[in-house]
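Student: Just dropping this structure here.
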Amino acid sequence: MIEARGNLLFIEEVPAVEIAEKVGTPVYVTSKSLLEKNVESYLESFPRSKILYAVKANNNLAIMKIIAKKGLGADVFSGGELYLSLLAGFNKDLILFNGNSKSDDEIREGIDAGVKFSVDSYDELFTISEISDKEVEIAFRINPDVDPKTHPKIATGLRESKFGIPQSEALKAYEVSLKTKKVKPVGIHCHIGSQIKDLSAFCEALNKIFDVAKEVEKLGIELEFLDIGGGLAIDYDGTGAPKPLDLANALIPIYESRLSELRSEPSLWLEPGRSIVGKTTVLLTKVNAVKKGYRNFVAVDAGFNLLLRPAMYGAYHRVEVANKMNLERSLTCDVVGPICESGDILARDRKLPEVKKGDIVAIFDAGAYGFVMSSQYNGRPRCAEVLVSGKKWWIIRERENYSDLLAKQKVPECLY
Ligand code: LLP
């Protein structure tokens with residue numbers, strides 16, 4: 001659905017260059033059918049589980065609405081994500097409010113919305129109890145100390161990670177929660193990291209969650225869910241990645257066999273983000289200059305202001321020239337952005353066709369942690385977003401302009 005036809009890149013039935021011309025660049029372009037297909041692949045692979053979309057991966061309202069319409073829940077990590085999820089129409093019974101440092105205001109917002117909490121500390125537990133005027137359903141986020149073998153910045157279930165309560169403390173935490181007014185423990189939550197290819201890490205985590213569940217049940221707690229978090233990788237560089245069905249084939253047998261060890265029948269919850277939205281989207285960016293020298297540089301109009309992943313994690317994103325698909329790749333180059341920093345490199349040592357000023361470069365697999373991590377650094381307004389369905393397309397976020405650089409700014413009168 002995002003593919004070459006002749007020399008042109010198409011997003012569904014629309015040539016990328018048409019969107020670049022009409023909307024300008026840079027622009028994120030998302031395929032609606034790819035998005036729906038990815039959601040369906042989770043629903044088909046996990047027919048008896050609940051899938052909570054990790055809103056942090058992409059919180060564009062139109063994209064969230066497409067996902068909400070398919071019946072998924074939402075994993076939210078801030079008051080803002082909660083606000084957007086409710087607006088997008090996610091069912092509040094399937095919203096889990098995660099986060100290791102929720103403010104009192106955010107906790108209040110979660111309670112008012114009637115969503116469940118993944119509690120990350122005793123301070124949070126007691127604050128919920130203090131603030132709430134009604135019973136709040138909670139899970140504790142457990143840190144199972146599992147190595148997900150991914151980039152260190154996105155490993156979240158290791159002993160030294162800031163997230164969760166050590167597994168050895170879990171029983172005590174649930175015990176305390178039973179003595180704490182207005183909180184009702186109903187689940188167990190963990191999330192071990194992101195861009196994980198090694199399915200055995202998920203299996204290890206699920207086994208550990210079952211170990212905790214067995215202990216917790218002895219306290220008389222009735223468990224409604226075991227949430228294994230998100231983290232399934234996508235294939236950025238052609239080396240392959242497991243699919244939701246592979247994850248299901250790894251997890252469901254463990255879940256089913258170990259369920260017999262429990263009294264209650266908690267359902268299995270997952271929180272995928274990247275594997276739902278990552279591959280649905282390309283970032284189109286125009287070539288401003290080609291410079292040949294010690295190295296060859298293709299300078300485009302998007303940099304780490306719009307796609308931070310290469311600079312932040314050394315992430316690999318496939319790069320193509322959207323108006324020169326299938327041409328001989330004779331130029332070895334670095335694709336760099338317009339930001340005043342040497343680290344503003346989108347792609348290193350790539351083989352591209354002979355690129356010229358004005359060509360449209362497509363950065364692939366940019367739907368997860370793309371626009372959401374963008375900034376206005378260097379005085380650059382954020383870019384537009386477009387949704388494509390068949391031959392139709394819509395702007396789902398307007399490009400910012402210079403006046404947006406002033407949004408909310410105030411100049412004291414004495415400076416006029
Ligand atoms: N649940 C929790 C509690 C999480 O912290 C995350 C991601 C997810 C679910 C979704 O994980 P996913 O399925 O998307 O891997 N900005 C980084 C990724 C940060 C992930 C943070 N947590 C990147 O661009 O690679």
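Lettering and numbering for the structure tokens are positional, with chains as A, B, ... in the shown order, residues counted from 1 in each chain, and ligands counted from 1 in the shown order.
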Return as CSV the residues of chain A lying at most 8 Å from ligand 1, together with the closest atom-to-atom pair for each and the distance in Å to one decimal, counting only C-alpha atoms and all ligand atoms, with rows in chain order and ascending residue number.

Tutor:
residue,atom,partner,partner_atom_place_in_ligand_line,distance
A:Tyr53,CA,ligand 1,9 (C),7.7
A:Ala54,CA,ligand 1,10 (C),5.0
A:Val55,CA,ligand 1,10 (C),8.0
A:Lys56,CA,ligand 1,7 (C),7.0
A:Ala57,CA,ligand 1,14 (O),5.7
A:Asp75,CA,ligand 1,1 (N),6.4
A:Phe77,CA,ligand 1,3 (C),7.4
A:Asn98,CA,ligand 1,3 (C),6.1
A:Gly99,CA,ligand 1,3 (C),7.3
A:Lys153,CA,ligand 1,17 (C),7.8
A:Ile154,CA,ligand 1,19 (C),5.5
A:Thr156,CA,ligand 1,5 (O),7.3
A:Cys190,CA,ligand 1,3 (C),7.2
A:His191,CA,ligand 1,3 (C),5.3
A:Gly193,CA,ligand 1,15 (O),6.4
A:Ser194,CA,ligand 1,15 (O),3.5
A:Gln195,CA,ligand 1,15 (O),5.2
A:Ile196,CA,ligand 1,15 (O),7.3
A:Gly229,CA,ligand 1,1 (N),4.7
A:Gly230,CA,ligand 1,13 (O),3.8
A:Gly231,CA,ligand 1,15 (O),3.2
A:Leu232,CA,ligand 1,13 (O),5.3
A:Ala233,CA,ligand 1,15 (O),6.5
A:Leu270,CA,ligand 1,9 (C),7.9
A:Glu271,CA,ligand 1,9 (C),4.7
A:Pro272,CA,ligand 1,13 (O),3.6
A:Gly273,CA,ligand 1,14 (O),3.4
A:Arg274,CA,ligand 1,14 (O),3.7
A:Ser275,CA,ligand 1,13 (O),5.9
A:Ile276,CA,ligand 1,13 (O),7.7
A:Leu308,CA,ligand 1,24 (O),7.6
A:Arg309,CA,ligand 1,24 (O),5.3
A:Tyr313,CA,ligand 1,25 (O),7.1
A:Ala315,CA,ligand 1,25 (O),7.7
A:Ala368,CA,ligand 1,24 (O),6.7
A:Tyr369,CA,ligand 1,24 (O),4.6
A:Gly370,CA,ligand 1,24 (O),7.2
A:Met373,CA,ligand 1,16 (N),7.5

Student: Using only C-alpha atoms, which protein or nucleic acid residues come within 10 Å of A:Leu247? Drop anything in the same chain fewer than 3 positions from it, and give the result as a PyMOL selection string.

Tutor: chain A and resi 42+45-46+197-200+202-203+232+242-244+250-252

Student: Output N, CA, C and O atoms for every residue in that selection, as an mmCIF file, in the first residue's frame.

Tutor:
data_model
loop_
_atom_site.group_PDB
_atom_site.id
_atom_site.type_symbol
_atom_site.label_atom_id
_atom_site.label_comp_id
_atom_site.auth_asym_id
_atom_site.auth_seq_id
_atom_site.Cartn_x
_atom_site.Cartn_y
_atom_site.Cartn_z
ATOM 1 N N TYR A 42 -3.715 -7.432 14.955
ATOM 2 C CA TYR A 42 -3.720 -7.676 16.412
ATOM 3 C C TYR A 42 -5.026 -8.330 16.859
ATOM 4 O O TYR A 42 -5.028 -9.265 17.652
ATOM 5 N N SER A 45 -4.993 -11.929 15.794
ATOM 6 C CA SER A 45 -3.980 -12.748 16.475
ATOM 7 C C SER A 45 -4.323 -12.976 17.944
ATOM 8 O O SER A 45 -3.939 -13.980 18.524
ATOM 9 N N PHE A 46 -5.017 -12.005 18.539
ATOM 10 C CA PHE A 46 -5.344 -12.095 19.970
ATOM 11 C C PHE A 46 -6.856 -11.951 20.173
ATOM 12 O O PHE A 46 -7.312 -10.972 20.772
ATOM 13 N N LYS A 197 12.682 -7.632 19.274
ATOM 14 C CA LYS A 197 12.562 -8.705 18.269
ATOM 15 C C LYS A 197 12.591 -10.076 18.927
ATOM 16 O O LYS A 197 12.145 -11.057 18.343
ATOM 17 N N ASP A 198 13.185 -10.140 20.108
ATOM 18 C CA ASP A 198 13.379 -11.422 20.781
ATOM 19 C C ASP A 198 12.128 -11.780 21.592
ATOM 20 O O ASP A 198 11.902 -11.243 22.683
ATOM 21 N N LEU A 199 11.320 -12.684 21.028
ATOM 22 C CA LEU A 199 10.040 -12.985 21.683
ATOM 23 C C LEU A 199 10.225 -13.661 23.041
ATOM 24 O O LEU A 199 9.322 -13.613 23.894
ATOM 25 N N SER A 200 11.384 -14.251 23.262
ATOM 26 C CA SER A 200 11.590 -14.942 24.549
ATOM 27 C C SER A 200 11.566 -13.931 25.708
ATOM 28 O O SER A 200 11.235 -14.292 26.833
ATOM 29 N N PHE A 202 9.471 -11.415 25.981
ATOM 30 C CA PHE A 202 8.049 -11.278 26.343
ATOM 31 C C PHE A 202 7.589 -12.494 27.153
ATOM 32 O O PHE A 202 6.820 -12.364 28.102
ATOM 33 N N CYS A 203 8.069 -13.673 26.732
ATOM 34 C CA CYS A 203 7.655 -14.908 27.429
ATOM 35 C C CYS A 203 8.153 -14.891 28.864
ATOM 36 O O CYS A 203 7.414 -15.238 29.795
ATOM 37 N N LEU A 232 6.498 -4.716 20.632
ATOM 38 C CA LEU A 232 6.834 -5.550 19.470
ATOM 39 C C LEU A 232 7.538 -4.693 18.406
ATOM 40 O O LEU A 232 7.081 -3.597 18.078
ATOM 41 N N PRO A 242 9.314 -9.995 14.134
ATOM 42 C CA PRO A 242 8.130 -10.832 14.360
ATOM 43 C C PRO A 242 6.846 -10.037 14.163
ATOM 44 O O PRO A 242 6.832 -8.807 14.297
ATOM 45 N N LYS A 243 5.781 -10.740 13.829
ATOM 46 C CA LYS A 243 4.474 -10.111 13.604
ATOM 47 C C LYS A 243 3.598 -10.349 14.833
ATOM 48 O O LYS A 243 3.913 -11.219 15.656
ATOM 49 N N PRO A 244 2.473 -9.656 14.946
ATOM 50 C CA PRO A 244 1.566 -9.901 16.078
ATOM 51 C C PRO A 244 1.210 -11.389 16.229
ATOM 52 O O PRO A 244 1.142 -11.896 17.334
ATOM 53 N N ALA A 250 3.700 -17.131 20.655
ATOM 54 C CA ALA A 250 4.642 -17.279 21.776
ATOM 55 C C ALA A 250 3.917 -17.129 23.115
ATOM 56 O O ALA A 250 4.187 -17.871 24.061
ATOM 57 N N LEU A 251 3.006 -16.170 23.191
ATOM 58 C CA LEU A 251 2.419 -15.828 24.501
ATOM 59 C C LEU A 251 1.196 -16.662 24.882
ATOM 60 O O LEU A 251 1.029 -17.039 26.044
ATOM 61 N N ILE A 252 0.332 -16.933 23.905
ATOM 62 C CA ILE A 252 -0.950 -17.565 24.256
ATOM 63 C C ILE A 252 -0.771 -18.943 24.913
ATOM 64 O O ILE A 252 -1.441 -19.231 25.912
#

Student: What's around stretch 282-299 of chain A at 7 Å? Count only C-alpha atoms, leave out sequence neighbours fewer than 6 positions away in its own chain, and write the answer as a PyMOL selection string.

Tutor: chain A and resi 20+25-30+332-338+356-367

Student: If you run DSSP on the backbone here, which positions in stretch 12-199 of chain A get strand (DSSP E)? Please write them as a PyMOL selection string.

Tutor: chain A and resi 14-15+27-31+50-54+73-76+95-97+116-119+136-143+165-166+183-189

Student: Using N, CA, C and O atoms, can you write the selected residues to a file as a short mmCIF file (atom, residue, chain, number, x, y, z; two decimals), in the first residue's frame?

Tutor:
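File written: result-v4.cif
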data_model
loop_
_atom_site.label_atom_id
_atom_site.label_comp_id
_atom_site.auth_asym_id
_atom_site.auth_seq_id
_atom_site.Cartn_x
_atom_site.Cartn_y
_atom_site.Cartn_z
N VAL A 14 -2.39 7.30 -4.42
CA VAL A 14 -1.97 8.69 -4.62
C VAL A 14 -0.44 8.77 -4.72
O VAL A 14 0.26 8.28 -3.83
N PRO A 15 0.05 9.39 -5.78
CA PRO A 15 1.51 9.55 -5.87
C PRO A 15 2.01 10.50 -4.78
O PRO A 15 1.40 11.55 -4.55
N VAL A 27 6.08 16.74 5.02
CA VAL A 27 4.72 16.31 5.36
C VAL A 27 4.75 14.81 5.71
O VAL A 27 5.41 14.03 5.03
N TYR A 28 4.07 14.48 6.79
CA TYR A 28 3.88 13.07 7.14
C TYR A 28 2.64 12.56 6.41
O TYR A 28 1.58 13.21 6.47
N VAL A 29 2.75 11.42 5.73
CA VAL A 29 1.60 10.88 4.98
C VAL A 29 1.31 9.45 5.45
O VAL A 29 2.19 8.59 5.43
N THR A 30 0.06 9.24 5.86
CA THR A 30 -0.33 7.95 6.46
C THR A 30 -1.34 7.23 5.58
O THR A 30 -2.30 7.84 5.10
N SER A 31 -1.15 5.92 5.43
CA SER A 31 -2.12 5.10 4.70
C SER A 31 -3.16 4.55 5.68
O SER A 31 -2.82 3.82 6.62
N LYS A 50 -7.41 -8.04 25.23
CA LYS A 50 -7.75 -6.64 25.00
C LYS A 50 -6.49 -5.94 24.51
O LYS A 50 -5.41 -6.10 25.09
N ILE A 51 -6.67 -5.17 23.43
CA ILE A 51 -5.54 -4.45 22.85
C ILE A 51 -5.70 -2.97 23.16
O ILE A 51 -6.69 -2.35 22.76
N LEU A 52 -4.75 -2.43 23.88
CA LEU A 52 -4.78 -1.01 24.23
C LEU A 52 -3.70 -0.30 23.39
O LEU A 52 -2.50 -0.58 23.56
N TYR A 53 -4.12 0.56 22.50
CA TYR A 53 -3.16 1.26 21.65
C TYR A 53 -2.33 2.24 22.48
O TYR A 53 -2.89 3.05 23.25
N ALA A 54 -1.01 2.17 22.34
CA ALA A 54 -0.13 3.09 23.08
C ALA A 54 -0.10 4.43 22.36
O ALA A 54 0.63 4.62 21.38
N GLY A 73 -8.64 -0.31 23.08
CA GLY A 73 -8.52 0.61 24.21
C GLY A 73 -7.30 1.48 24.02
O GLY A 73 -6.70 1.49 22.94
N ALA A 74 -6.94 2.23 25.07
CA ALA A 74 -5.79 3.13 24.95
C ALA A 74 -4.92 3.07 26.19
O ALA A 74 -5.42 3.06 27.31
N ASP A 75 -3.61 3.00 25.95
CA ASP A 75 -2.63 3.18 27.02
C ASP A 75 -2.21 4.64 26.95
O ASP A 75 -1.72 5.09 25.92
N VAL A 76 -2.49 5.39 28.03
CA VAL A 76 -2.14 6.82 28.03
C VAL A 76 -1.09 7.08 29.10
O VAL A 76 -1.06 6.40 30.13
N ILE A 95 -9.25 2.22 29.00
CA ILE A 95 -8.14 3.16 29.05
C ILE A 95 -7.35 2.90 30.33
O ILE A 95 -7.93 2.83 31.42
N LEU A 96 -6.05 2.71 30.18
CA LEU A 96 -5.18 2.50 31.33
C LEU A 96 -4.26 3.71 31.43
O LEU A 96 -3.55 4.04 30.47
N PHE A 97 -4.32 4.38 32.59
CA PHE A 97 -3.50 5.57 32.79
C PHE A 97 -2.15 5.14 33.38
O PHE A 97 -2.04 4.85 34.57
N LYS A 116 -8.85 3.30 34.55
CA LYS A 116 -8.01 2.51 35.47
C LYS A 116 -6.61 3.11 35.51
O LYS A 116 -6.17 3.75 34.56
N PHE A 117 -5.92 2.85 36.61
CA PHE A 117 -4.56 3.37 36.77
C PHE A 117 -3.55 2.23 36.82
O PHE A 117 -3.80 1.22 37.47
N SER A 118 -2.42 2.44 36.16
CA SER A 118 -1.26 1.60 36.45
C SER A 118 -0.41 2.42 37.42
O SER A 118 0.12 3.48 37.08
N VAL A 119 -0.32 1.92 38.65
CA VAL A 119 0.32 2.68 39.72
C VAL A 119 1.80 2.31 39.78
O VAL A 119 2.16 1.13 39.76
N VAL A 136 -11.28 3.45 42.82
CA VAL A 136 -10.50 3.50 41.58
C VAL A 136 -9.84 2.14 41.36
O VAL A 136 -9.20 1.59 42.26
N GLU A 137 -10.02 1.61 40.15
CA GLU A 137 -9.42 0.31 39.85
C GLU A 137 -7.96 0.50 39.44
O GLU A 137 -7.66 1.34 38.58
N ILE A 138 -7.10 -0.30 40.05
CA ILE A 138 -5.67 -0.12 39.77
C ILE A 138 -4.97 -1.45 39.46
O ILE A 138 -5.44 -2.53 39.82
N ALA A 139 -3.83 -1.28 38.79
CA ALA A 139 -2.84 -2.37 38.67
C ALA A 139 -1.55 -1.74 39.19
O ALA A 139 -1.42 -0.51 39.20
N PHE A 140 -0.61 -2.55 39.62
CA PHE A 140 0.73 -2.01 39.85
C PHE A 140 1.56 -2.31 38.63
O PHE A 140 1.44 -3.38 38.02
N ARG A 141 2.44 -1.35 38.28
CA ARG A 141 3.42 -1.67 37.23
C ARG A 141 4.59 -2.37 37.91
O ARG A 141 5.22 -1.83 38.82
N ILE A 142 4.83 -3.58 37.47
CA ILE A 142 5.89 -4.40 38.05
C ILE A 142 7.11 -4.33 37.14
O ILE A 142 6.99 -4.43 35.91
N ASN A 143 8.26 -4.15 37.74
CA ASN A 143 9.51 -4.21 36.98
C ASN A 143 10.06 -5.64 37.11
O ASN A 143 10.56 -6.02 38.16
N ILE A 165 7.63 -1.21 40.05
CA ILE A 165 7.97 -1.64 41.40
C ILE A 165 8.72 -2.97 41.26
O ILE A 165 8.27 -3.83 40.49
N PRO A 166 9.85 -3.14 41.94
CA PRO A 166 10.58 -4.41 41.77
C PRO A 166 9.67 -5.60 42.02
O PRO A 166 8.80 -5.55 42.91
N VAL A 183 -9.00 2.39 46.68
CA VAL A 183 -8.34 1.77 45.53
C VAL A 183 -8.67 0.28 45.52
O VAL A 183 -8.77 -0.35 46.58
N LYS A 184 -8.89 -0.23 44.32
CA LYS A 184 -9.22 -1.65 44.20
C LYS A 184 -8.25 -2.31 43.20
O LYS A 184 -8.29 -2.00 42.00
N PRO A 185 -7.36 -3.17 43.69
CA PRO A 185 -6.43 -3.82 42.76
C PRO A 185 -7.16 -4.84 41.88
O PRO A 185 -7.83 -5.72 42.40
N VAL A 186 -7.04 -4.67 40.57
CA VAL A 186 -7.73 -5.58 39.64
C VAL A 186 -6.80 -6.15 38.58
O VAL A 186 -7.22 -6.98 37.77
N GLY A 187 -5.55 -5.67 38.54
CA GLY A 187 -4.68 -6.14 37.46
C GLY A 187 -3.21 -6.06 37.83
O GLY A 187 -2.84 -5.57 38.90
N ILE A 188 -2.40 -6.57 36.92
CA ILE A 188 -0.95 -6.46 37.04
C ILE A 188 -0.43 -5.97 35.69
O ILE A 188 -0.89 -6.43 34.64
N HIS A 189 0.50 -5.02 35.75
CA HIS A 189 0.98 -4.40 34.52
C HIS A 189 2.50 -4.47 34.44
O HIS A 189 3.18 -4.36 35.46
#

Student: I'd like to know which of A:Met325, A:Leu259, A:Leu307, A:Ile339 is closest to A:Phe10, using only C-alpha atoms.

Tutor: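 Selected residue with least distance to A:Phe10: A:Met325.
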
Student: Which of these, A:Ala62, A:Ile19, A:Ile345, A:Ile111, has the shortest distance to A:Arg397 once you count only C-alpha atoms?

Tutor: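 When distances to A:Arg397 are compared using only C-alpha atoms, the smallest one comes from A:Ala62.
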
Student: One decimal, Å: what's the distance from atom CA of A:Ser85 over to atom CA of A:Asn59, could you say?

Tutor: 8.3 Å

Student: To test your reading of the structure, identify every residue in stretch 316-381 of chain A that backbone DSSP assigns to helix (DSSP H, G or I), and report it as a PyMOL selection string.

Tutor: chain A and resi 371-373+377-379

Student: State, in Å with one decimal place, the distance from atom CA of A:Arg108 to atom CA of A:Ile131.

Tutor: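 Separating atom CA of A:Arg108 from atom CA of A:Ile131 is a distance of 6.9 Å.
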
Student: Can you tell me, as a list in words, what residues are no more than 9 Å from A:Leu125 when counting only C-alpha atoms, ignoring any on the same chain fewer than 3 positions away?

Tutor: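 Once the nearby chain positions are removed, what remains is Val119, Asp120, Ser121, Tyr122, Ile128, Ser129, Glu130, Ile138, Ser177, Thr180 and Val183 of chain A.
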
Student: Go ahead and save the picked residues with C-alpha atoms, as a PDB file, in the first residue's frame.

Tutor:
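Okay, again-v9.pdb is ready:
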ATOM      1  CA  VAL A 119       0.320   2.681  39.720  1.00  0.00           C
ATOM      2  CA  ASP A 120       4.087   3.130  39.754  1.00  0.00           C
ATOM      3  CA  SER A 121       4.811   4.093  43.396  1.00  0.00           C
ATOM      4  CA  TYR A 122       3.335   4.200  46.902  1.00  0.00           C
ATOM      5  CA  ILE A 128      -5.197   8.442  44.419  1.00  0.00           C
ATOM      6  CA  SER A 129      -6.705   7.362  47.727  1.00  0.00           C
ATOM      7  CA  GLU A 130      -6.506  10.876  49.166  1.00  0.00           C
ATOM      8  CA  ILE A 138      -5.669  -0.125  39.770  1.00  0.00           C
ATOM      9  CA  SER A 177      -3.288  -1.461  48.423  1.00  0.00           C
ATOM     10  CA  THR A 180      -5.669   1.682  51.284  1.00  0.00           C
ATOM     11  CA  VAL A 183      -8.336   1.766  45.525  1.00  0.00           C
TER      12      VAL A 183
END
